[in-house]
Amino acid sequence: MQEVRKAAHERMKGFCRVCRECDGRACAGEVPGMGGLGTAASFKGNVEALADYKLRMRTIHDVSAPSTSTSVLGYALSIPVFAAPIGGVSFNMGGQITEEEYILSKVKACDANGIVGCTGDGVPPFISEAGFAALTAVNGNGIPFIKPWEGDEFFEKIEKAAATGCTTFGIDIDAIGLITLAKMGRPVAPRGVERLRALIEQIPGQVLLKGVMTAEDAQAAAEAGAAGIVVSNHGGRVLDHTPGTAHVISDIADAVNGEIAVLVDGGIRTGADVLKMIALGADAVMIGRPFSIATVGGLEEGASKYIQQLTGELTSAMVLTGCESIEDANADIITDVLGQ
């Protein structure tokens, strides 16, 4: 991974610093780009919120070979991780590899290592087209995310996504605040529950809504017919000064009470971070920037090495907290920064 990160640093020079700690400080305000909007308080808040929770180390037990596998949204996962839908490497990450190379490498690495890769959408259209081609290459074993465009474009992309063989369709509803799209003259409008339900009813598969940060929106997503949600502030790239996702995930999970799947992203870097989010109530996590760095730095091999690193870290964290399975990861294995 040191070699992968070194290569990524060279290929992303001027676009991402590939910091030792990806916490949003060095790239604050660099949107469009990999940074956080404005002061980057939301990006930094994601990392800081996770750091507020500590794992309770336990060493007197019989857990030596924990099972890291789980099932979410019908996907059998080797670890409870999805690679988040980040696209646009040609203008957000330096363009040293093509969009097609990037997304195909990431999705194939996920497929080969027992997790699920997600593809993105945006402007220009080659972002979604490269994603659809990558999903076809893995027989639809991935999740395409499509922005809630007005008019025919949304359903045209849904049709193309369905042709890849995928069974789950993501909608990044947090895209309504993307400055990148606004600058390109392509702003995306929000939808209330009724309009969202009408949209979901026309999609030929289960729907995952990304961009939920409150219990009210989580309940509204369930009411609209979503199969799952992603608790996300879009990596801090759409609204400054939101809470970190680790601080809101528990209330959101409690609000839906198992009715729909609850995923979360934001500041997750290591296997220990994954375990924290599961303990806080998530069914699985999504990881964005670290996957992009690993893929740009080493293509399919780089992304695979990152997945293998996560697996090792998660396994170690489970042993040292006495978790024999993912189901054992609950509030009992964590404490907040005040020791409560």
# chains A, B, ... in the order shown; residues from 1 in each chain; ligands from 1

call {"tool": "closest_atom_pairs", "arguments": {"of": "region 176-258 of chain A", "to": "region 271-277 of chain A", "cutoff": "12 Å", "atoms": "only C-alpha atoms", "output": "Markdown table"}}
result
| residue | atom | partner | partner_atom | distance |
| --- | --- | --- | --- | --- |
| A:Val231 | CA | A:Met277 | CA | 10.9 |
| A:Gly244 | CA | A:Met277 | CA | 11.8 |
| A:Thr245 | CA | A:Met277 | CA | 9.2 |
| A:Ala246 | CA | A:Met277 | CA | 6.8 |
| A:His247 | CA | A:Met277 | CA | 10.0 |
| A:Val248 | CA | A:Met277 | CA | 10.7 |
| A:Ile249 | CA | A:Met277 | CA | 7.9 |
| A:Ser250 | CA | A:Met277 | CA | 9.0 |
| A:Ala253 | CA | A:Met277 | CA | 11.0 |

call {"tool": "write_last_selection", "arguments": {"atoms": "C-alpha atoms", "output": "PDB file, in the first residue's frame"}}
result
ATOM      1  CA  VAL A 231     -26.293   8.230   5.814  1.00  0.00           C
ATOM      2  CA  GLY A 244     -20.227  14.120  11.209  1.00  0.00           C
ATOM      3  CA  THR A 245     -22.105  11.014  10.093  1.00  0.00           C
ATOM      4  CA  ALA A 246     -20.907   9.005  13.122  1.00  0.00           C
ATOM      5  CA  HIS A 247     -22.816  11.452  15.328  1.00  0.00           C
ATOM      6  CA  VAL A 248     -26.168  10.903  13.563  1.00  0.00           C
ATOM      7  CA  ILE A 249     -26.093   7.234  12.508  1.00  0.00           C
ATOM      8  CA  SER A 250     -27.451   5.811  15.785  1.00  0.00           C
ATOM      9  CA  ALA A 253     -30.837   3.488  12.647  1.00  0.00           C
TER      10      ALA A 253
END

call {"tool": "closest_atom_pairs", "arguments": {"of": "region 95-119 of chain A", "to": "region 71-81 of chain A", "cutoff": "8 Å", "atoms": "only C-alpha atoms", "output": "Markdown table"}}
result
| residue | atom | partner | partner_atom | distance |
| --- | --- | --- | --- | --- |
| A:Asn113 | CA | A:Ser78 | CA | 7.3 |
| A:Gly114 | CA | A:Ser78 | CA | 5.0 |
| A:Ile115 | CA | A:Leu77 | CA | 5.0 |
| A:Val116 | CA | A:Val81 | CA | 7.4 |

call {"tool": "write_last_selection", "arguments": {"atoms": "C-alpha atoms", "output": "tab-separated table (two decimals), in the first residue's frame"}}
result
chain	number	residue	atom	x	y	z
A	113	ASN	CA	-12.67	-9.66	-3.22
A	114	GLY	CA	-16.27	-10.33	-2.24
A	115	ILE	CA	-17.64	-6.83	-1.82
A	116	VAL	CA	-19.68	-4.49	-4.05

call {"tool": "closest_residue", "arguments": {"among": "A:Leu209, A:Leu239, A:Ala222, A:Ala261", "to": "Ala40 (chain A)", "atoms": "only C-alpha atoms"}}
result
A:Leu239

call {"tool": "closest_atom_pairs", "arguments": {"of": "region 64-170 of chain A", "to": "region 7-26 of chain A", "cutoff": "6 Å", "atoms": "only C-alpha atoms", "output": "Markdown table"}}
result
| residue | atom | partner | partner_atom | distance |
| --- | --- | --- | --- | --- |
| A:Met93 | CA | A:Met12 | CA | 5.3 |
| A:Gly94 | CA | A:Met12 | CA | 4.8 |
| A:Gln96 | CA | A:Arg11 | CA | 5.6 |

call {"tool": "write_last_selection", "arguments": {"atoms": "C-alpha atoms", "output": "mmCIF file, in the first residue's frame"}}
result
data_model
loop_
_atom_site.group_PDB
_atom_site.id
_atom_site.type_symbol
_atom_site.label_atom_id
_atom_site.label_comp_id
_atom_site.auth_asym_id
_atom_site.auth_seq_id
_atom_site.Cartn_x
_atom_site.Cartn_y
_atom_site.Cartn_z
ATOM 1 C CA MET A 93 -8.067 13.438 -9.707
ATOM 2 C CA GLY A 94 -5.543 14.519 -12.286
ATOM 3 C CA GLN A 96 -3.449 10.332 -15.345
#

call {"tool": "residues_around", "arguments": {"residues": "Thr167 (chain A)", "least_positions_apart": "3", "cutoff": "12 Å", "atoms": "only C-alpha atoms", "output": "list of chain:residue names"}}
result
A:Leu73, A:Gly74, A:Tyr75, A:Leu135, A:Asn139, A:Gly140, A:Asn141, A:Gly142, A:Ile143, A:Pro144, A:Ile158, A:Glu159, A:Ala161, A:Ala162, A:Ala163, A:Thr164, A:Gly170, A:Ile203, A:Pro204, A:Gly205, A:Gln206, A:Val207, A:Leu208, A:Ala227

call {"tool": "write_last_selection", "arguments": {"atoms": "N, CA and C atoms", "output": "PDB file, in the first residue's frame"}}
result
ATOM      1  N   LEU A  73     -28.836  -5.954   1.719  1.00  0.00           N
ATOM      2  CA  LEU A  73     -29.577  -5.709   0.479  1.00  0.00           C
ATOM      3  C   LEU A  73     -29.503  -6.907  -0.484  1.00  0.00           C
ATOM      4  N   GLY A  74     -29.342  -8.096   0.086  1.00  0.00           N
ATOM      5  CA  GLY A  74     -29.259  -9.300  -0.734  1.00  0.00           C
ATOM      6  C   GLY A  74     -27.867  -9.616  -1.240  1.00  0.00           C
ATOM      7  N   TYR A  75     -26.883  -8.773  -0.915  1.00  0.00           N
ATOM      8  CA  TYR A  75     -25.502  -9.006  -1.332  1.00  0.00           C
ATOM      9  C   TYR A  75     -24.750  -9.736  -0.222  1.00  0.00           C
ATOM     10  N   LEU A 135     -19.958  -2.196 -14.922  1.00  0.00           N
ATOM     11  CA  LEU A 135     -20.947  -3.085 -14.311  1.00  0.00           C
ATOM     12  C   LEU A 135     -21.251  -4.268 -15.216  1.00  0.00           C
ATOM     13  N   ASN A 139     -20.981  -8.580 -14.676  1.00  0.00           N
ATOM     14  CA  ASN A 139     -22.320  -9.182 -14.733  1.00  0.00           C
ATOM     15  C   ASN A 139     -23.324  -8.509 -13.788  1.00  0.00           C
ATOM     16  N   GLY A 140     -23.212  -7.211 -13.673  1.00  0.00           N
ATOM     17  CA  GLY A 140     -24.182  -6.458 -12.879  1.00  0.00           C
ATOM     18  C   GLY A 140     -23.962  -6.519 -11.388  1.00  0.00           C
ATOM     19  N   ASN A 141     -22.826  -7.047 -10.935  1.00  0.00           N
ATOM     20  CA  ASN A 141     -22.573  -7.141  -9.495  1.00  0.00           C
ATOM     21  C   ASN A 141     -22.020  -5.814  -8.960  1.00  0.00           C
ATOM     22  N   GLY A 142     -22.890  -4.838  -8.931  1.00  0.00           N
ATOM     23  CA  GLY A 142     -22.527  -3.513  -8.449  1.00  0.00           C
ATOM     24  C   GLY A 142     -23.773  -2.661  -8.380  1.00  0.00           C
ATOM     25  N   ILE A 143     -23.614  -1.443  -7.910  1.00  0.00           N
ATOM     26  CA  ILE A 143     -24.757  -0.537  -7.775  1.00  0.00           C
ATOM     27  C   ILE A 143     -24.470   0.763  -8.511  1.00  0.00           C
ATOM     28  N   PRO A 144     -25.227   1.042  -9.572  1.00  0.00           N
ATOM     29  CA  PRO A 144     -25.069   2.332 -10.255  1.00  0.00           C
ATOM     30  C   PRO A 144     -25.844   3.415  -9.516  1.00  0.00           C
ATOM     31  N   ILE A 158     -31.515   4.931 -16.083  1.00  0.00           N
ATOM     32  CA  ILE A 158     -32.011   3.745 -15.377  1.00  0.00           C
ATOM     33  C   ILE A 158     -32.095   2.560 -16.340  1.00  0.00           C
ATOM     34  N   GLU A 159     -32.570   2.816 -17.548  1.00  0.00           N
ATOM     35  CA  GLU A 159     -32.684   1.755 -18.550  1.00  0.00           C
ATOM     36  C   GLU A 159     -31.302   1.198 -18.910  1.00  0.00           C
ATOM     37  N   ALA A 161     -28.673   1.306 -16.994  1.00  0.00           N
ATOM     38  CA  ALA A 161     -28.179   0.613 -15.804  1.00  0.00           C
ATOM     39  C   ALA A 161     -28.792  -0.777 -15.695  1.00  0.00           C
ATOM     40  N   ALA A 162     -30.087  -0.885 -15.955  1.00  0.00           N
ATOM     41  CA  ALA A 162     -30.763  -2.184 -15.876  1.00  0.00           C
ATOM     42  C   ALA A 162     -30.190  -3.165 -16.889  1.00  0.00           C
ATOM     43  N   ALA A 163     -29.755  -2.657 -18.020  1.00  0.00           N
ATOM     44  CA  ALA A 163     -29.201  -3.521 -19.066  1.00  0.00           C
ATOM     45  C   ALA A 163     -27.883  -4.171 -18.646  1.00  0.00           C
ATOM     46  N   THR A 164     -27.236  -3.647 -17.590  1.00  0.00           N
ATOM     47  CA  THR A 164     -25.980  -4.237 -17.112  1.00  0.00           C
ATOM     48  C   THR A 164     -26.217  -5.499 -16.299  1.00  0.00           C
ATOM     49  N   GLY A 170     -29.014   3.077  -7.134  1.00  0.00           N
ATOM     50  CA  GLY A 170     -28.818   4.136  -6.167  1.00  0.00           C
ATOM     51  C   GLY A 170     -29.212   5.492  -6.732  1.00  0.00           C
ATOM     52  N   ILE A 203     -38.819   2.198 -11.041  1.00  0.00           N
ATOM     53  CA  ILE A 203     -37.465   1.649 -11.164  1.00  0.00           C
ATOM     54  C   ILE A 203     -37.523   0.129 -11.042  1.00  0.00           C
ATOM     55  N   PRO A 204     -36.913  -0.612 -11.970  1.00  0.00           N
ATOM     56  CA  PRO A 204     -37.035  -2.075 -12.010  1.00  0.00           C
ATOM     57  C   PRO A 204     -36.084  -2.810 -11.064  1.00  0.00           C
ATOM     58  N   GLY A 205     -36.149  -2.474  -9.787  1.00  0.00           N
ATOM     59  CA  GLY A 205     -35.293  -3.123  -8.800  1.00  0.00           C
ATOM     60  C   GLY A 205     -35.365  -2.356  -7.498  1.00  0.00           C
ATOM     61  N   GLN A 206     -34.585  -2.788  -6.509  1.00  0.00           N
ATOM     62  CA  GLN A 206     -34.604  -2.087  -5.228  1.00  0.00           C
ATOM     63  C   GLN A 206     -33.784  -0.800  -5.316  1.00  0.00           C
ATOM     64  N   VAL A 207     -34.164   0.176  -4.487  1.00  0.00           N
ATOM     65  CA  VAL A 207     -33.580   1.513  -4.579  1.00  0.00           C
ATOM     66  C   VAL A 207     -32.895   1.889  -3.269  1.00  0.00           C
ATOM     67  N   LEU A 208     -31.698   2.455  -3.408  1.00  0.00           N
ATOM     68  CA  LEU A 208     -30.893   2.916  -2.286  1.00  0.00           C
ATOM     69  C   LEU A 208     -30.744   4.428  -2.412  1.00  0.00           C
ATOM     70  N   ALA A 227     -35.403   0.715  -0.407  1.00  0.00           N
ATOM     71  CA  ALA A 227     -34.972  -0.510   0.260  1.00  0.00           C
ATOM     72  C   ALA A 227     -33.872  -0.215   1.267  1.00  0.00           C
TER      73      ALA A 227
END

call {"tool": "atom_distance", "arguments": {"atom1": "CA of Ala284 (chain A)", "atom2": "CA of Val262 (chain A)"}}
result
7.1 Å
